[in-house]
Amino acid sequence: MNKLKVKHRLAKDKLMLWSICLLAAMTAVPLLAILGEVLLRGYDQLSWSFFTESTPTAYKAMKAIAAGEPIPGGIANGIVGTMIMLGMAVVVAVPLGILCGAFLAENSKSRFAQFVSYLTDLLQGTPSVIIGIITYIWVVVPMKGYSAIAGSVALCIMMLPLIIRSTEETLKILPASLKEAGLALGGNKARVMMKVQLPAAFGGIFTGVLLAISRVIGETAPLMFTALGCSLIRFSIDKPISAVPLLIWEFFNDPNLQELIWGASLFLLLFVLTLNLLSKYLAKKWNH
Amino acid sequence: MNDRLYRIILFVAALVVPIVCGGVVYALVTDAHEAFEHFGFLKFLTSSEWSYTEGNEQYGALPFITGTLMTTLMALLFCIPFSLPVALFVGEYFRETKIASVLSTVTDLLAGIPSIIYGLWGFYTLRPIIMELNISPQGSGILTASLVLAIMIVPYAASLSAEFIKMVPNDLKEGAYSLGATRAEVVRKVIFPVAGSGIFSSYVLAIGRALGETMTVTMLIGNTNNIPDSITSTGNSMASIIANQFGEADGLRLSSLIAIGLILFLITALINMIGKIMIKRARIV
């Protein structure tokens, strides 16, 4: 009787182990399925012209399809737009985020800092579509038009909490002796922050910035009501501009351009996942 | 640079966050005001009509609130059977091994995939399967959207739960082992009770993520403005109605969409706040 019970318990234990392994392994299935589908359907679209030419009009695409030719053109307008908006967002969000993160790390006990820290969480949890609405109200309405500036403001608001958090956390785990040694040598707080703490925290902050970029580069919803999209390669920042995820959305909705979806998705996916892996690798390397 | 100037610069930088958050609330409230004034706050929440015939515009948020709640809860349901094993795999069974770090890289990458690509995959791969299985004729709907949403929140729930599972003190587990407990019993009788509140809070935060997910849901939910009457029917979530109609809306309709945005913002903020408070409590224990 007792022996049977023990056997039963051991069998249950084994069952648990195997079901955990099985179910955990199954989470790799969607990743492989998505990667596989995008790779298989997208790889033959990638060519030199795909990255150097801008999106064709629906009419041109229709003519090409009717003639049985591949759709001409590519996603250069999206790549340029993404780079411009991302560049502007990084230039503002990174210094601001680092300063704010430094404030939170230095005054972690003050009421105001705790309040700011709470609001940072709030901002980070805000759905991206709401960031889009807000930027529309703040920037698009006063400027009387969609623009690259509006898009970059949206991206900047989304990056800010991520950079603040990573800066704060990296500064907090630095050994206190580092700061004390700097102060003991006669540096004031600003000097110690600039010459000792921030350089020591560089690795953590840098990987945080990379992660923040990879998070916002694929965002579509906030750009739909701010940057709008444009089929030309544009460098002016006060006019509507395109972005790679916006182009994917456009191709999804336009039956004539559907062939281009997979190439654009493959480019975006590879870019994002490479950034992700790179930041993970750097974090590991710099932590040891 | 002297200390005072330094402190002022940091303070000004930190002020940006409250200003942005205050601005978000202020802008949403002022622009949603027209809709609330026209329909009345409660009536806007409980009305299920959404029609923009000129002269008789009727807007209500109920179908979209229902749509959001249904997709989120179902996504949570589908996510638990996978995220909990992942958390146990990484946090307990294969803790600190190579295979565990491979699995957590896999979930990290899942978290990194842009939502529009999840939407494409759901549309071109999952939707035909659902049509093939005769679950719903058009393929898109609440069920399809929540299945993909579930995959998207697995990484968030799993990585946070794993952290709490790792925090369970070793002597508690060793005590149970020394009394003859099997590993499955240790998980059920020691780890779950001790890490339970932390695991629960990680699911609360996962809900917070799922509530506001926009593109995936927009591409898969079917985009009809009715209250979904079954899990396979089509509908719209709060985020997807905004994504669908914001670009073409003006006047009262625009204000109604912003009002829906305000409601979504408040719900997400509330859920996230509850999750954060629970995490703080769980960490102290």
# chains A, B, ... in the order shown; residues from 1 in each chain; ligands from 1

call {"tool": "residues_around", "arguments": {"residues": "stretch 148-162 of chain B", "least_positions_apart": "3", "cutoff": "9 Å", "atoms": "only C-alpha atoms", "output": "PDB file with C-alpha atoms, in the first residue's frame"}}
result
ATOM      1  CA  THR A  27       7.280  28.640 -26.557  1.00  0.00           C
ATOM      2  CA  PRO A  30       5.972  30.716 -32.410  1.00  0.00           C
TER       3      PRO A  30
ATOM      4  CA  THR B  71      -9.270  39.694 -25.634  1.00  0.00           C
ATOM      5  CA  THR B  72      -7.185  40.468 -22.552  1.00  0.00           C
ATOM      6  CA  MET B  74      -8.605  35.161 -22.967  1.00  0.00           C
ATOM      7  CA  ALA B  75      -5.008  36.033 -23.756  1.00  0.00           C
ATOM      8  CA  LEU B  76      -4.237  35.637 -20.058  1.00  0.00           C
ATOM      9  CA  LEU B  77      -5.970  32.255 -20.008  1.00  0.00           C
ATOM     10  CA  PHE B  78      -3.998  31.020 -23.022  1.00  0.00           C
ATOM     11  CA  CYS B  79      -0.738  32.436 -21.702  1.00  0.00           C
ATOM     12  CA  ILE B  80      -0.667  30.777 -18.262  1.00  0.00           C
ATOM     13  CA  PHE B  82       3.017  28.232 -21.230  1.00  0.00           C
ATOM     14  CA  SER B  83       4.453  31.055 -19.161  1.00  0.00           C
ATOM     15  CA  LEU B  84       4.262  29.165 -15.864  1.00  0.00           C
ATOM     16  CA  PRO B  85       6.265  26.163 -17.164  1.00  0.00           C
ATOM     17  CA  VAL B  86       8.798  28.558 -18.690  1.00  0.00           C
ATOM     18  CA  ALA B  87       9.133  30.334 -15.354  1.00  0.00           C
ATOM     19  CA  LEU B  88       9.620  27.039 -13.491  1.00  0.00           C
ATOM     20  CA  PHE B  89      12.056  25.817 -16.147  1.00  0.00           C
ATOM     21  CA  VAL B  90      14.211  28.935 -15.929  1.00  0.00           C
ATOM     22  CA  GLY B  91      13.751  29.689 -12.227  1.00  0.00           C
ATOM     23  CA  GLU B  92      13.788  26.255 -10.618  1.00  0.00           C
ATOM     24  CA  SER B 104      15.235  32.952 -21.744  1.00  0.00           C
ATOM     25  CA  VAL B 106      14.039  32.757 -26.880  1.00  0.00           C
ATOM     26  CA  THR B 107      11.462  34.528 -24.720  1.00  0.00           C
ATOM     27  CA  ASP B 108      13.454  37.781 -24.890  1.00  0.00           C
ATOM     28  CA  LEU B 109      13.392  37.585 -28.667  1.00  0.00           C
ATOM     29  CA  LEU B 110       9.653  36.901 -28.594  1.00  0.00           C
ATOM     30  CA  ALA B 111       9.270  40.080 -26.558  1.00  0.00           C
ATOM     31  CA  ILE B 113       9.251  41.088 -32.218  1.00  0.00           C
ATOM     32  CA  SER B 115       3.564  43.890 -32.866  1.00  0.00           C
ATOM     33  CA  TYR B 118       2.828  39.382 -34.912  1.00  0.00           C
ATOM     34  CA  GLY B 119      -0.242  40.746 -36.653  1.00  0.00           C
ATOM     35  CA  TRP B 121       1.825  36.203 -38.805  1.00  0.00           C
ATOM     36  CA  GLY B 122      -1.585  35.900 -37.183  1.00  0.00           C
ATOM     37  CA  LEU B 126      -3.056  31.496 -37.840  1.00  0.00           C
ATOM     38  CA  LEU B 143     -10.263  34.262 -30.467  1.00  0.00           C
ATOM     39  CA  THR B 144      -7.603  34.821 -33.132  1.00  0.00           C
ATOM     40  CA  ALA B 145      -6.550  38.130 -31.621  1.00  0.00           C
ATOM     41  CA  ILE B 165      10.612  31.702  -8.140  1.00  0.00           C
ATOM     42  CA  LYS B 166      14.399  32.171  -7.918  1.00  0.00           C
ATOM     43  CA  MET B 167      13.951  34.244  -4.767  1.00  0.00           C
ATOM     44  CA  ALA B 195       6.367  33.057  -4.581  1.00  0.00           C
ATOM     45  CA  GLY B 196       2.622  33.111  -5.255  1.00  0.00           C
ATOM     46  CA  GLY B 198       4.959  37.685  -6.897  1.00  0.00           C
ATOM     47  CA  ILE B 199       3.835  35.346  -9.659  1.00  0.00           C
ATOM     48  CA  PHE B 200       0.340  36.792  -9.441  1.00  0.00           C
ATOM     49  CA  SER B 201       1.672  40.331  -9.750  1.00  0.00           C
ATOM     50  CA  SER B 202       3.641  39.385 -12.862  1.00  0.00           C
ATOM     51  CA  TYR B 203       0.362  38.327 -14.470  1.00  0.00           C
ATOM     52  CA  VAL B 204      -1.230  41.617 -13.451  1.00  0.00           C
ATOM     53  CA  LEU B 205       1.557  43.442 -15.306  1.00  0.00           C
ATOM     54  CA  ALA B 206       1.112  41.118 -18.283  1.00  0.00           C
ATOM     55  CA  ILE B 207      -2.562  42.158 -18.358  1.00  0.00           C
ATOM     56  CA  ARG B 209       0.614  44.996 -21.529  1.00  0.00           C
ATOM     57  CA  ALA B 210      -2.218  43.166 -23.276  1.00  0.00           C
ATOM     58  CA  GLU B 213      -1.696  46.262 -27.554  1.00  0.00           C
ATOM     59  CA  THR B 216      -1.887  42.946 -33.576  1.00  0.00           C
ATOM     60  CA  VAL B 217      -5.447  43.298 -32.339  1.00  0.00           C
ATOM     61  CA  LEU B 220      -6.901  40.245 -36.250  1.00  0.00           C
TER      62      LEU B 220
END

call {"tool": "select_by_dssp", "arguments": {"residues": "stretch 192-273 of chain B", "states": "helix (DSSP H, G or I)", "output": "PyMOL selection string"}}
result
chain B and resi 192-212+215-220+238-248+251-273

call {"tool": "write_last_selection", "arguments": {"atoms": "C-alpha atoms", "output": "PDB file, in the first residue's frame"}}
result
ATOM      1  CA  PHE B 192       3.873  28.405  -5.131  1.00  0.00           C
ATOM      2  CA  PRO B 193       2.821  29.539  -1.632  1.00  0.00           C
ATOM      3  CA  VAL B 194       6.021  31.564  -1.102  1.00  0.00           C
ATOM      4  CA  ALA B 195       6.367  33.057  -4.581  1.00  0.00           C
ATOM      5  CA  GLY B 196       2.622  33.111  -5.255  1.00  0.00           C
ATOM      6  CA  SER B 197       1.961  36.789  -4.733  1.00  0.00           C
ATOM      7  CA  GLY B 198       4.959  37.685  -6.897  1.00  0.00           C
ATOM      8  CA  ILE B 199       3.835  35.346  -9.659  1.00  0.00           C
ATOM      9  CA  PHE B 200       0.340  36.792  -9.441  1.00  0.00           C
ATOM     10  CA  SER B 201       1.672  40.331  -9.750  1.00  0.00           C
ATOM     11  CA  SER B 202       3.641  39.385 -12.862  1.00  0.00           C
ATOM     12  CA  TYR B 203       0.362  38.327 -14.470  1.00  0.00           C
ATOM     13  CA  VAL B 204      -1.230  41.617 -13.451  1.00  0.00           C
ATOM     14  CA  LEU B 205       1.557  43.442 -15.306  1.00  0.00           C
ATOM     15  CA  ALA B 206       1.112  41.118 -18.283  1.00  0.00           C
ATOM     16  CA  ILE B 207      -2.562  42.158 -18.358  1.00  0.00           C
ATOM     17  CA  GLY B 208      -1.380  45.769 -18.404  1.00  0.00           C
ATOM     18  CA  ARG B 209       0.614  44.996 -21.529  1.00  0.00           C
ATOM     19  CA  ALA B 210      -2.218  43.166 -23.276  1.00  0.00           C
ATOM     20  CA  LEU B 211      -4.797  45.912 -22.636  1.00  0.00           C
ATOM     21  CA  GLY B 212      -3.077  48.490 -24.810  1.00  0.00           C
ATOM     22  CA  MET B 215      -1.568  46.692 -34.127  1.00  0.00           C
ATOM     23  CA  THR B 216      -1.887  42.946 -33.576  1.00  0.00           C
ATOM     24  CA  VAL B 217      -5.447  43.298 -32.339  1.00  0.00           C
ATOM     25  CA  THR B 218      -6.371  45.738 -35.099  1.00  0.00           C
ATOM     26  CA  MET B 219      -5.196  43.295 -37.744  1.00  0.00           C
ATOM     27  CA  LEU B 220      -6.901  40.245 -36.250  1.00  0.00           C
ATOM     28  CA  MET B 238     -10.406  50.225 -27.440  1.00  0.00           C
ATOM     29  CA  ALA B 239      -6.956  50.427 -29.001  1.00  0.00           C
ATOM     30  CA  SER B 240      -8.068  49.015 -32.349  1.00  0.00           C
ATOM     31  CA  ILE B 241     -11.025  51.374 -32.795  1.00  0.00           C
ATOM     32  CA  ILE B 242      -8.646  54.273 -32.221  1.00  0.00           C
ATOM     33  CA  ALA B 243      -6.107  52.881 -34.676  1.00  0.00           C
ATOM     34  CA  ASN B 244      -8.842  52.296 -37.253  1.00  0.00           C
ATOM     35  CA  GLN B 245     -10.749  55.537 -37.119  1.00  0.00           C
ATOM     36  CA  PHE B 246      -8.523  58.219 -35.607  1.00  0.00           C
ATOM     37  CA  GLY B 247      -7.016  59.265 -38.935  1.00  0.00           C
ATOM     38  CA  GLU B 248     -10.363  59.970 -40.610  1.00  0.00           C
ATOM     39  CA  GLY B 251     -15.435  66.795 -34.388  1.00  0.00           C
ATOM     40  CA  LEU B 252     -17.539  64.716 -32.046  1.00  0.00           C
ATOM     41  CA  ARG B 253     -16.181  61.427 -33.359  1.00  0.00           C
ATOM     42  CA  LEU B 254     -12.591  62.516 -32.756  1.00  0.00           C
ATOM     43  CA  SER B 255     -13.514  63.600 -29.252  1.00  0.00           C
ATOM     44  CA  SER B 256     -15.226  60.259 -28.616  1.00  0.00           C
ATOM     45  CA  LEU B 257     -12.136  58.389 -29.772  1.00  0.00           C
ATOM     46  CA  ILE B 258      -9.984  60.482 -27.439  1.00  0.00           C
ATOM     47  CA  ALA B 259     -12.461  59.737 -24.652  1.00  0.00           C
ATOM     48  CA  ILE B 260     -11.950  56.032 -25.333  1.00  0.00           C
ATOM     49  CA  GLY B 261      -8.218  56.706 -25.200  1.00  0.00           C
ATOM     50  CA  LEU B 262      -8.646  58.377 -21.818  1.00  0.00           C
ATOM     51  CA  ILE B 263     -10.592  55.379 -20.475  1.00  0.00           C
ATOM     52  CA  LEU B 264      -7.928  53.011 -21.817  1.00  0.00           C
ATOM     53  CA  PHE B 265      -5.192  55.138 -20.255  1.00  0.00           C
ATOM     54  CA  LEU B 266      -6.909  55.136 -16.866  1.00  0.00           C
ATOM     55  CA  ILE B 267      -7.554  51.374 -16.902  1.00  0.00           C
ATOM     56  CA  THR B 268      -3.956  50.612 -17.893  1.00  0.00           C
ATOM     57  CA  ALA B 269      -2.580  53.020 -15.293  1.00  0.00           C
ATOM     58  CA  LEU B 270      -4.741  51.419 -12.588  1.00  0.00           C
ATOM     59  CA  ILE B 271      -3.737  47.859 -13.518  1.00  0.00           C
ATOM     60  CA  ASN B 272      -0.046  48.809 -13.689  1.00  0.00           C
ATOM     61  CA  MET B 273      -0.250  50.583 -10.336  1.00  0.00           C
TER      62      MET B 273
END

call {"tool": "residues_around", "arguments": {"residues": "B:Gln58", "least_positions_apart": "5", "cutoff": "12 Å", "atoms": "only C-alpha atoms", "output": "PyMOL selection string"}}
result
chain B and resi 35+38-40+43-44+47-53+252-253+256

call {"tool": "write_last_selection", "arguments": {"atoms": "N, CA and C atoms", "output": "compact mmCIF listing (two decimals), in the first residue's frame"}}
result
# COMPACT_ATOMS: atom_id res chain seq x y z
N ALA B 35 -17.09 64.95 -25.88
CA ALA B 35 -17.87 63.71 -25.97
C ALA B 35 -18.61 63.45 -24.67
N HIS B 38 -21.49 65.84 -24.34
CA HIS B 38 -22.58 65.60 -25.26
C HIS B 38 -23.41 64.38 -24.87
N PHE B 39 -22.74 63.31 -24.47
CA PHE B 39 -23.47 62.07 -24.18
C PHE B 39 -23.67 61.81 -22.69
N GLY B 40 -22.90 62.49 -21.87
CA GLY B 40 -22.93 62.17 -20.44
C GLY B 40 -21.94 61.04 -20.18
N LYS B 43 -23.44 57.47 -19.70
CA LYS B 43 -24.12 57.00 -20.91
C LYS B 43 -23.09 56.64 -21.99
N PHE B 44 -22.00 57.42 -22.03
CA PHE B 44 -20.95 57.12 -23.00
C PHE B 44 -20.34 55.74 -22.71
N SER B 47 -23.31 52.99 -23.48
CA SER B 47 -24.01 52.92 -24.76
C SER B 47 -23.25 52.02 -25.73
N SER B 48 -23.98 51.25 -26.50
CA SER B 48 -23.29 50.32 -27.40
C SER B 48 -23.45 50.73 -28.86
N GLU B 49 -23.89 51.96 -29.07
CA GLU B 49 -24.09 52.37 -30.45
C GLU B 49 -22.88 53.13 -30.95
N TRP B 50 -22.52 52.92 -32.19
CA TRP B 50 -21.39 53.65 -32.77
C TRP B 50 -21.77 53.95 -34.21
N SER B 51 -22.43 55.09 -34.44
CA SER B 51 -22.82 55.39 -35.80
C SER B 51 -22.50 56.84 -36.10
N TYR B 52 -21.99 57.09 -37.30
CA TYR B 52 -21.62 58.46 -37.64
C TYR B 52 -22.43 59.00 -38.81
N THR B 53 -23.73 58.67 -38.83
CA THR B 53 -24.59 59.33 -39.80
C THR B 53 -24.71 60.78 -39.39
N LEU B 252 -17.05 65.52 -33.16
CA LEU B 252 -17.54 64.72 -32.05
C LEU B 252 -16.93 63.32 -32.06
N ARG B 253 -16.73 62.77 -33.26
CA ARG B 253 -16.18 61.43 -33.36
C ARG B 253 -14.75 61.39 -32.84
N SER B 256 -14.83 61.54 -29.19
CA SER B 256 -15.23 60.26 -28.62
C SER B 256 -14.07 59.28 -28.63

call {"tool": "residues_around", "arguments": {"residues": "stretch 76-87 of chain A", "least_positions_apart": "6", "cutoff": "7 Å", "atoms": "only C-alpha atoms", "output": "PyMOL selection string"}}
result
chain A and resi 51-55+148+151-152+231-234+241-244+247

call {"tool": "atom_distance", "arguments": {"atom1": "atom CA of A:Leu40", "atom2": "atom CA of B:Ile130"}}
result
21.8 Å

call {"tool": "closest_residue", "arguments": {"among": "B:Met131, B:Ala27, B:Leu172, B:Ile231", "to": "chain A", "atoms": "only C-alpha atoms"}}
result
B:Ala27

call {"tool": "atom_distance", "arguments": {"atom1": "atom CA of A:Glu250", "atom2": "atom CA of A:Met88"}}
result
23.6 Å

call {"tool": "closest_residue", "arguments": {"among": "B:Met70, B:Ala184, B:Leu120, B:Leu179", "to": "chain A", "atoms": "only C-alpha atoms"}}
result
B:Ala184

call {"tool": "atom_distance", "arguments": {"atom1": "atom CA of B:Asp31", "atom2": "atom CA of A:Ile131"}}
result
14.4 Å
